[in-house]
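Engineer: Got a structure here, written out as structure tokens. Questions coming.
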Amino acid sequence: MTMDAAMVAQGGAASQMYQELILDHFRNPRNWGKLDGATCHGHDVNTSCGDEITFWFDVKAGVINNASFEARGCAISQAAASMLTDRLKGLAVDDALRLEKQHVLDELGVPISGMRLKCALLPLKVAKMALAQDDGALQGQSF
Amino acid sequence: MAESKLKHDIRQDFPLLHDRSIVYLDSAATSQKPKAVLDAQRRFYETSNANVHRGVHRLSVAATESFEAARAAIAAFINAEPEEIVFVRNATEGINLFARSWGAANVRPNELIALTTMEHHSNIVPWQQLAQARGCDIAYVPFIKESGELDLEQLGLVLEKKPKLLSLTHVSNVFGTVTPMAEVVAKAHVAGTLVLVDACQSAPHIALDVKKLGCDALVFSGHKTLGPMGVGVLYVRKKLLEIMPPFLSGGEMIKTVTLDRATYNDVPHRFEAGTPDVAGAIGVATGLRYLQNIGMEVVEAHVRELTDYAVRKLATLPYVKLLNKSANRLGLVSFTVDGVPAHDVASLLDEKGVCVRSGHHCAMPLHAELGIEQSVRASFSIYNVREDVDALIEALEHCRKVFFR
């Protein structure tokens, strides 16, 4: 096991994760709190670090009308979740379920190092879990 | 200063620590290993590898002698008899063994098992499972929030209910507080309560003496006492061990087997089904011998001095909050950083080469009692120096700057 001495000296990959955009979403999370009239929700915990996320969605006619979340844990997972709620609003459930991991990483806009990938990607996993359970299209038609 | 009692730079003995860009402050999770341990394991495989207690050939005899010598050395380390030492994979397995074997044979519906709210999950979940299986109850002795010390008054109240067993940690893996175990055991025995001690965080730093502690059983993990991963130690007082039913079954744990039934081997072999990790046991004994050669009093003084130094230095950072304030602390300190979640702290410390633990440290109930989810833990061993603490402080300043620039 070796450390990249240069990276250690100048502040490396970890520092670069905490850009202003990420810190802003962490400190001022968008779409925070339980959503009244949510048609589905999902919750999960990252067992390796204890990050915990809940999403709520209001889905009508297969489209995500509104999205919200609550999270406890690290700045990376909270920022990723906050950004994701913004992105999912107005999106068709089918399209949301097809969102790739790379989308989340692109939104974060910084390289996410090693063990922290799980933190960054937990929100997408939980959101998809919630939306898949809902089967939004059918539920939307029944309204 | 205790450091001066160390005869040489201990770090020279630990190959991984030759890389001076690493500041290893996570010994409470697992310690680093001295070369002597690695050599001893390799030597076993190169010179006397054979299965133990099986053959009459010379290699099997040599392997068996080395294995039993390791057991005797480990027994001596805690002042027990060799036949009171059961090899398991880790402390977790030791507690599970005791809960399944002793618990299933001795605990009846509505009887009580006593734990504390500062236990590691490994000393909670096996008892929850026993409670489900046997219909017994669990009572928790709380800790004092300010100090992180066991609430001895509340312990007295729980003992009034005469629990069958009190299972508790010697040194908290989150607070670092040392429980006055001899006193606790004496009180428990007056109530007719047996005591199982989780010595995972005390065995690396304190001279343990099961006769002085008076405990009925004790567990620790060899990988935290400079030994290899994969070997834990369960001590059970002989009279008690002898009447415990087997845990796992198969070879080695039997005396005779017919197609209908088996008779079981004597202790401790009754609890060691299958081929054991012989090299691992030798490694654990070698690690303990390494500590004893330094002297456990010197080890304890060194670790205590470093722990106190870390507490003093951390107290100078206004944005760092220690989880507990106690002078009676050994080997570790846990804290939170204002405005920075624990995992982000750990990532940013790692960038400076400082390795700490972040999260709930397998003690979610403890964190829930404090009303927090996570914390950061720095822990110390014989190979750490004051400069390591200084590096931690510097890295925390870096972390704070990244978040609040």
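We name chains A, B, ... following the order of the structure tokens; residues begin at 1 in each chain, and ligands are numbered from 1 as shown.
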Give me the residues near Glu52 (chain A) as a list of chain:residue names, where near means some atom within 9 Å (using only C-alpha atoms) and where sequence neighbours in that chain fewer than 2 positions away do not count.

Structural biologist: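 Final neighbour list, sorted by chain and number: A:His43, A:Asp44, A:Val45, A:Asn46, A:Thr47, A:Gly50, A:Thr54, A:Glu70, A:Ala71, A:Arg72, A:Gly73, A:Ser77, A:Leu122.
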
Engineer: Where does DSSP see alpha helix (DSSP H) in region 11-112 of chain A, if you list the residues as number ranges by chain?

Structural biologist: A: 13-17, 20-27, 75-88, 93-97, 101-108

Engineer: Would you mind exporting the chosen residues as a compact mmCIF listing (two decimals), in the first residue's frame, restricted to N, CA and C atoms?

Structural biologist:
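Saved as out26.txt:
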```txt
# COMPACT_ATOMS: atom_id res chain seq x y z
N ALA A 13 -7.71 14.33 -4.13
CA ALA A 13 -9.02 14.04 -4.67
C ALA A 13 -10.14 14.39 -3.70
N ALA A 14 -9.90 14.19 -2.44
CA ALA A 14 -10.97 14.43 -1.47
C ALA A 14 -11.37 15.91 -1.44
N SER A 15 -10.38 16.79 -1.35
CA SER A 15 -10.68 18.23 -1.32
C SER A 15 -11.49 18.63 -2.55
N GLN A 16 -11.09 18.04 -3.69
CA GLN A 16 -11.75 18.42 -4.94
C GLN A 16 -13.22 18.05 -4.97
N MET A 17 -13.61 17.08 -4.14
CA MET A 17 -15.03 16.69 -4.12
C MET A 17 -15.91 17.82 -3.58
N GLU A 20 -18.06 24.30 -4.41
CA GLU A 20 -19.11 25.18 -3.89
C GLU A 20 -20.52 24.63 -4.17
N LEU A 21 -20.71 24.08 -5.38
CA LEU A 21 -22.04 23.58 -5.76
C LEU A 21 -22.48 22.46 -4.81
N ILE A 22 -21.56 21.56 -4.52
CA ILE A 22 -21.89 20.42 -3.64
C ILE A 22 -22.14 20.91 -2.21
N LEU A 23 -21.29 21.80 -1.74
CA LEU A 23 -21.47 22.32 -0.39
C LEU A 23 -22.78 23.11 -0.28
N ASP A 24 -23.14 23.80 -1.36
CA ASP A 24 -24.39 24.56 -1.36
C ASP A 24 -25.61 23.63 -1.26
N HIS A 25 -25.61 22.57 -2.05
CA HIS A 25 -26.72 21.61 -1.97
C HIS A 25 -26.77 20.92 -0.62
N PHE A 26 -25.58 20.70 -0.03
CA PHE A 26 -25.52 20.07 1.30
C PHE A 26 -26.10 21.01 2.36
N ARG A 27 -25.75 22.29 2.29
CA ARG A 27 -26.18 23.23 3.33
C ARG A 27 -27.60 23.74 3.10
N ALA A 75 -22.00 14.72 3.25
CA ALA A 75 -22.31 15.83 2.34
C ALA A 75 -22.50 15.34 0.91
N ILE A 76 -21.73 14.35 0.52
CA ILE A 76 -21.79 13.87 -0.86
C ILE A 76 -23.16 13.25 -1.15
N SER A 77 -23.63 12.39 -0.28
CA SER A 77 -24.92 11.73 -0.53
C SER A 77 -26.06 12.74 -0.45
N GLN A 78 -25.96 13.68 0.47
CA GLN A 78 -27.04 14.67 0.60
C GLN A 78 -27.09 15.60 -0.60
N ALA A 79 -25.92 16.01 -1.07
CA ALA A 79 -25.89 16.88 -2.25
C ALA A 79 -26.41 16.13 -3.47
N ALA A 80 -26.00 14.88 -3.62
CA ALA A 80 -26.44 14.09 -4.77
C ALA A 80 -27.96 13.92 -4.74
N ALA A 81 -28.51 13.71 -3.55
CA ALA A 81 -29.96 13.54 -3.43
C ALA A 81 -30.70 14.83 -3.76
N SER A 82 -30.17 15.94 -3.25
CA SER A 82 -30.80 17.23 -3.51
C SER A 82 -30.83 17.53 -5.01
N MET A 83 -29.69 17.33 -5.66
CA MET A 83 -29.61 17.56 -7.11
C MET A 83 -30.57 16.64 -7.86
N LEU A 84 -30.67 15.43 -7.39
CA LEU A 84 -31.50 14.44 -8.08
C LEU A 84 -32.99 14.83 -8.03
N THR A 85 -33.44 15.37 -6.90
CA THR A 85 -34.86 15.77 -6.82
C THR A 85 -35.15 16.84 -7.86
N ASP A 86 -34.25 17.80 -8.01
CA ASP A 86 -34.42 18.85 -9.03
C ASP A 86 -34.53 18.22 -10.43
N ARG A 87 -33.66 17.27 -10.69
CA ARG A 87 -33.60 16.65 -12.01
C ARG A 87 -34.85 15.82 -12.31
N LEU A 88 -35.40 15.18 -11.27
CA LEU A 88 -36.49 14.22 -11.50
C LEU A 88 -37.84 14.91 -11.69
N VAL A 93 -41.61 8.73 -15.49
CA VAL A 93 -41.06 7.67 -14.64
C VAL A 93 -40.16 6.75 -15.46
N ASP A 94 -40.60 6.42 -16.67
CA ASP A 94 -39.80 5.53 -17.52
C ASP A 94 -38.40 6.10 -17.77
N ASP A 95 -38.35 7.40 -18.03
CA ASP A 95 -37.06 8.04 -18.26
C ASP A 95 -36.22 8.06 -16.97
N ALA A 96 -36.90 8.32 -15.84
CA ALA A 96 -36.19 8.36 -14.57
C ALA A 96 -35.55 7.01 -14.27
N LEU A 97 -36.30 5.94 -14.56
CA LEU A 97 -35.78 4.60 -14.29
C LEU A 97 -34.59 4.26 -15.18
N LYS A 101 -25.95 5.92 -13.72
CA LYS A 101 -25.10 6.39 -12.63
C LYS A 101 -24.26 7.59 -13.08
N GLN A 102 -23.83 7.52 -14.33
CA GLN A 102 -22.95 8.57 -14.83
C GLN A 102 -23.64 9.93 -14.76
N HIS A 103 -24.97 9.93 -14.90
CA HIS A 103 -25.71 11.20 -14.83
C HIS A 103 -25.46 11.87 -13.48
N VAL A 104 -25.57 11.08 -12.40
CA VAL A 104 -25.37 11.63 -11.05
C VAL A 104 -23.95 12.17 -10.93
N LEU A 105 -22.99 11.41 -11.42
CA LEU A 105 -21.59 11.82 -11.30
C LEU A 105 -21.33 13.10 -12.12
N ASP A 106 -21.98 13.18 -13.29
CA ASP A 106 -21.83 14.39 -14.11
C ASP A 106 -22.41 15.60 -13.38
N GLU A 107 -23.58 15.43 -12.78
CA GLU A 107 -24.22 16.53 -12.05
C GLU A 107 -23.32 17.02 -10.91
N LEU A 108 -22.74 16.06 -10.19
CA LEU A 108 -21.85 16.44 -9.09
C LEU A 108 -20.64 17.20 -9.63
```

Engineer: Using only C-alpha atoms and a distance of at most 8 Å, pull out the residues of chain B that contact chain A, as a ChimeraX atom specification.

Structural biologist: /B:16,19,21-22,340-344,347-348,351-353,358-360,373-374,402-403

Engineer: Take the residues from that selection and put them in a file with C-alpha atoms, as a PDB file, in the first residue's frame.

Structural biologist:
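Dumped to selection-v4.pdb:
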```pdb
ATOM      1  CA  LEU B  16       3.345  -1.209   7.016  1.00  0.00           C
ATOM      2  CA  ASP B  19       5.646   4.303   4.884  1.00  0.00           C
ATOM      3  CA  SER B  21       3.053   9.188   4.832  1.00  0.00           C
ATOM      4  CA  ILE B  22       0.588   6.983   6.721  1.00  0.00           C
ATOM      5  CA  VAL B 340     -18.864  18.540   8.588  1.00  0.00           C
ATOM      6  CA  PRO B 341     -20.408  15.042   8.553  1.00  0.00           C
ATOM      7  CA  ALA B 342     -18.170  12.302   9.945  1.00  0.00           C
ATOM      8  CA  HIS B 343     -17.495  10.586   6.619  1.00  0.00           C
ATOM      9  CA  ASP B 344     -16.491  13.812   4.975  1.00  0.00           C
ATOM     10  CA  SER B 347     -12.208  11.500   3.597  1.00  0.00           C
ATOM     11  CA  LEU B 348     -10.439  14.795   4.096  1.00  0.00           C
ATOM     12  CA  GLU B 351      -6.143  12.938   2.007  1.00  0.00           C
ATOM     13  CA  LYS B 352      -3.488  13.987   4.534  1.00  0.00           C
ATOM     14  CA  GLY B 353      -2.598  10.373   5.216  1.00  0.00           C
ATOM     15  CA  SER B 358     -16.042   7.393  10.913  1.00  0.00           C
ATOM     16  CA  GLY B 359     -19.636   6.309  11.344  1.00  0.00           C
ATOM     17  CA  HIS B 360     -21.449   4.637  14.222  1.00  0.00           C
ATOM     18  CA  GLU B 373     -25.905   9.501  14.032  1.00  0.00           C
ATOM     19  CA  GLN B 374     -22.175   9.408  13.527  1.00  0.00           C
ATOM     20  CA  VAL B 402     -12.225  22.895   2.741  1.00  0.00           C
ATOM     21  CA  PHE B 403     -15.748  23.137   4.122  1.00  0.00           C
TER      22      PHE B 403
END
```

Engineer: In terms of the shortest atom-to-atom distance over only C-alpha atoms, which of B:Val197, B:Leu322, B:Val88, B:Ile124 is closest to Val210 (chain B)?

Structural biologist: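 Once distances to Val210 (chain B) are computed over only C-alpha atoms, the minimum belongs to B:Val197.
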
Engineer: Would you mind listing what lies within 9 Å of Leu291 (chain B) as a list of chain:residue names, with only C-alpha atoms counted and same-chain residues fewer than 4 positions away left out?

Structural biologist: B:Pro204, B:His205, B:Thr225, B:Leu226, B:Thr286, B:Gly287, B:Gly295, B:Met296, B:Val299, B:Ile382

Engineer: How many Å lie between CA of Gly37 (chain A) and CA of Ala130 (chain A), rounded to one decimal?

Structural biologist: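 Pair CA of Gly37 (chain A) / CA of Ala130 (chain A) returns 14.7 Å.
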
Engineer: In terms of the shortest atom-to-atom distance over only C-alpha atoms, which of B:Thr177, B:Thr316, B:Ser122, B:Thr258 is closest to Cys362 (chain B)?

Structural biologist: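 With only C-alpha atoms as the atom set, the closest residue is B:Ser122.
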
Engineer: List every residue of region 222-401 of chain B that DSSP, applied to the backbone, labels as strand (DSSP E), and write the result as a ChimeraX atom specification.

Structural biologist: /B:232-236,254-257,262-264,320-322,332-337,354-355,357-359,375-379

Engineer: Those residues with N, CA and C atoms, as a CSV table (one decimal), in the first residue's frame please?

Structural biologist:
```csv
chain,number,residue,atom,x,y,z
B,232,GLY,N,-9.9,-15.3,17.3
B,232,GLY,CA,-10.3,-14.6,18.5
B,232,GLY,C,-10.2,-15.6,19.7
B,233,VAL,N,-10.3,-15.0,20.9
B,233,VAL,CA,-10.1,-15.8,22.1
B,233,VAL,C,-11.4,-15.7,23.0
B,234,LEU,N,-11.9,-16.9,23.3
B,234,LEU,CA,-13.0,-16.9,24.3
B,234,LEU,C,-12.4,-17.6,25.6
B,235,TYR,N,-12.4,-16.9,26.7
B,235,TYR,CA,-12.0,-17.5,28.0
B,235,TYR,C,-13.3,-17.8,28.7
B,236,VAL,N,-13.5,-19.0,29.2
B,236,VAL,CA,-14.6,-19.3,30.1
B,236,VAL,C,-14.0,-20.1,31.3
B,254,ILE,N,-15.2,-34.3,19.1
B,254,ILE,CA,-15.8,-35.6,19.5
B,254,ILE,C,-14.8,-36.5,20.2
B,255,LYS,N,-15.4,-37.5,21.0
B,255,LYS,CA,-14.5,-38.6,21.5
B,255,LYS,C,-14.8,-39.8,20.7
B,256,THR,N,-16.1,-40.1,20.5
B,256,THR,CA,-16.4,-41.3,19.7
B,256,THR,C,-17.6,-40.9,18.9
B,257,VAL,N,-17.7,-41.5,17.7
B,257,VAL,CA,-18.9,-41.4,16.8
B,257,VAL,C,-19.3,-42.7,16.3
B,262,ALA,N,-22.9,-39.5,19.1
B,262,ALA,CA,-21.4,-39.1,19.3
B,262,ALA,C,-21.3,-38.8,20.8
B,263,THR,N,-20.1,-39.0,21.3
B,263,THR,CA,-19.8,-38.4,22.6
B,263,THR,C,-18.7,-37.3,22.4
B,264,TYR,N,-18.8,-36.3,23.3
B,264,TYR,CA,-18.0,-35.1,23.0
B,264,TYR,C,-16.7,-35.1,23.7
B,320,VAL,N,-14.4,21.4,17.2
B,320,VAL,CA,-14.4,19.9,17.5
B,320,VAL,C,-15.1,19.7,18.8
B,321,LYS,N,-16.1,18.8,18.8
B,321,LYS,CA,-16.8,18.4,20.1
B,321,LYS,C,-16.5,17.0,20.4
B,322,LEU,N,-15.9,16.8,21.6
B,322,LEU,CA,-15.7,15.4,22.1
B,322,LEU,C,-17.0,14.8,22.5
B,332,LEU,N,-8.5,5.7,22.9
B,332,LEU,CA,-9.3,6.3,21.8
B,332,LEU,C,-10.1,7.6,22.2
B,333,VAL,N,-10.4,8.4,21.2
B,333,VAL,CA,-11.2,9.5,21.5
B,333,VAL,C,-12.2,9.7,20.3
B,334,SER,N,-13.5,10.0,20.6
B,334,SER,CA,-14.4,10.2,19.5
B,334,SER,C,-15.0,11.6,19.5
B,335,PHE,N,-15.3,12.1,18.4
B,335,PHE,CA,-15.7,13.5,18.3
B,335,PHE,C,-16.5,13.8,17.1
B,336,THR,N,-17.1,15.0,17.0
B,336,THR,CA,-17.8,15.4,15.8
B,336,THR,C,-17.1,16.8,15.5
B,337,VAL,N,-17.3,17.1,14.2
B,337,VAL,CA,-16.7,18.4,13.7
B,337,VAL,C,-17.9,19.2,13.2
B,354,VAL,N,-4.0,10.6,7.2
B,354,VAL,CA,-4.5,10.3,8.5
B,354,VAL,C,-5.7,9.3,8.5
B,355,CYS,N,-5.5,8.1,9.0
B,355,CYS,CA,-6.5,7.1,8.9
B,355,CYS,C,-7.3,7.1,10.2
B,357,ARG,N,-11.5,6.3,11.9
B,357,ARG,CA,-12.8,5.6,11.7
B,357,ARG,C,-13.9,6.7,11.7
B,358,SER,N,-14.9,6.5,10.9
B,358,SER,CA,-16.0,7.4,10.9
B,358,SER,C,-17.3,6.6,10.8
B,359,GLY,N,-18.4,7.0,11.4
B,359,GLY,CA,-19.6,6.3,11.3
B,359,GLY,C,-20.2,6.1,12.7
B,375,SER,N,-20.0,9.7,14.4
B,375,SER,CA,-18.9,10.4,14.9
B,375,SER,C,-17.6,9.9,14.3
B,376,VAL,N,-16.5,10.7,14.6
B,376,VAL,CA,-15.2,10.3,14.1
B,376,VAL,C,-14.4,9.8,15.3
B,377,ARG,N,-13.6,8.7,15.1
B,377,ARG,CA,-12.8,8.1,16.2
B,377,ARG,C,-11.4,8.0,15.8
B,378,ALA,N,-10.5,8.6,16.7
B,378,ALA,CA,-9.1,8.4,16.5
B,378,ALA,C,-8.6,7.4,17.6
B,379,SER,N,-7.9,6.4,17.3
B,379,SER,CA,-7.5,5.4,18.3
B,379,SER,C,-6.0,5.2,18.2
```

Engineer: Find, counting only C-alpha atoms, the residue in A:Ala67, A:Lys89, A:Arg98, A:Ile53 that gets nearest to Ala132 (chain A).

Structural biologist: A:Arg98

Engineer: Counting only C-alpha atoms, what is within 10 Å of Ser326 (chain B), bar same-chain residues fewer than 3 positions away, as JSON, numbers by chain?

Structural biologist: {"B": [146, 147, 148, 149, 175, 176, 177, 178, 311, 323, 329, 330]}

Engineer: With a distance cut-off of 9 Å and only C-alpha atoms, select the neighbouring residues of Lys313 (chain B), excluding the residue or stretch itself and same-chain residues fewer than 5 positions from it, and output the selection as JSON, numbers by chain.

Structural biologist: {"B": [308, 389, 390, 393]}

Engineer: Write the residues you've just listed into a file as a CSV table (one decimal), in the first residue's frame, and include N, CA and C atoms for each of them.

Structural biologist:
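Ended up saving to result.csv:
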```csv
chain,number,residue,atom,x,y,z
B,308,ASP,N,-4.4,11.1,26.3
B,308,ASP,CA,-4.6,12.4,27.1
B,308,ASP,C,-4.1,13.6,26.2
B,389,VAL,N,-0.6,12.6,16.5
B,389,VAL,CA,-1.7,13.4,17.0
B,389,VAL,C,-1.6,14.8,16.4
B,390,ASP,N,-0.4,15.3,16.3
B,390,ASP,CA,-0.2,16.6,15.7
B,390,ASP,C,-0.7,16.6,14.2
B,393,ILE,N,-4.5,16.9,14.1
B,393,ILE,CA,-4.9,18.2,14.4
B,393,ILE,C,-4.8,19.1,13.1
```

Engineer: Between B:Leu241, B:Leu112, B:Val125, B:Val345, which is the closest to Glu83 (chain B) once you count only C-alpha atoms?

Structural biologist: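 Smallest separation from Glu83 (chain B) among the options: B:Leu241.
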
Engineer: Restricting the calculation to only C-alpha atoms: of B:Val158, B:Arg58, B:Asn123, B:Asn106, which residue gets closest to Glu93 (chain B)?

Structural biologist: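 That would be B:Asn123, the residue with the smallest distance to Glu93 (chain B).
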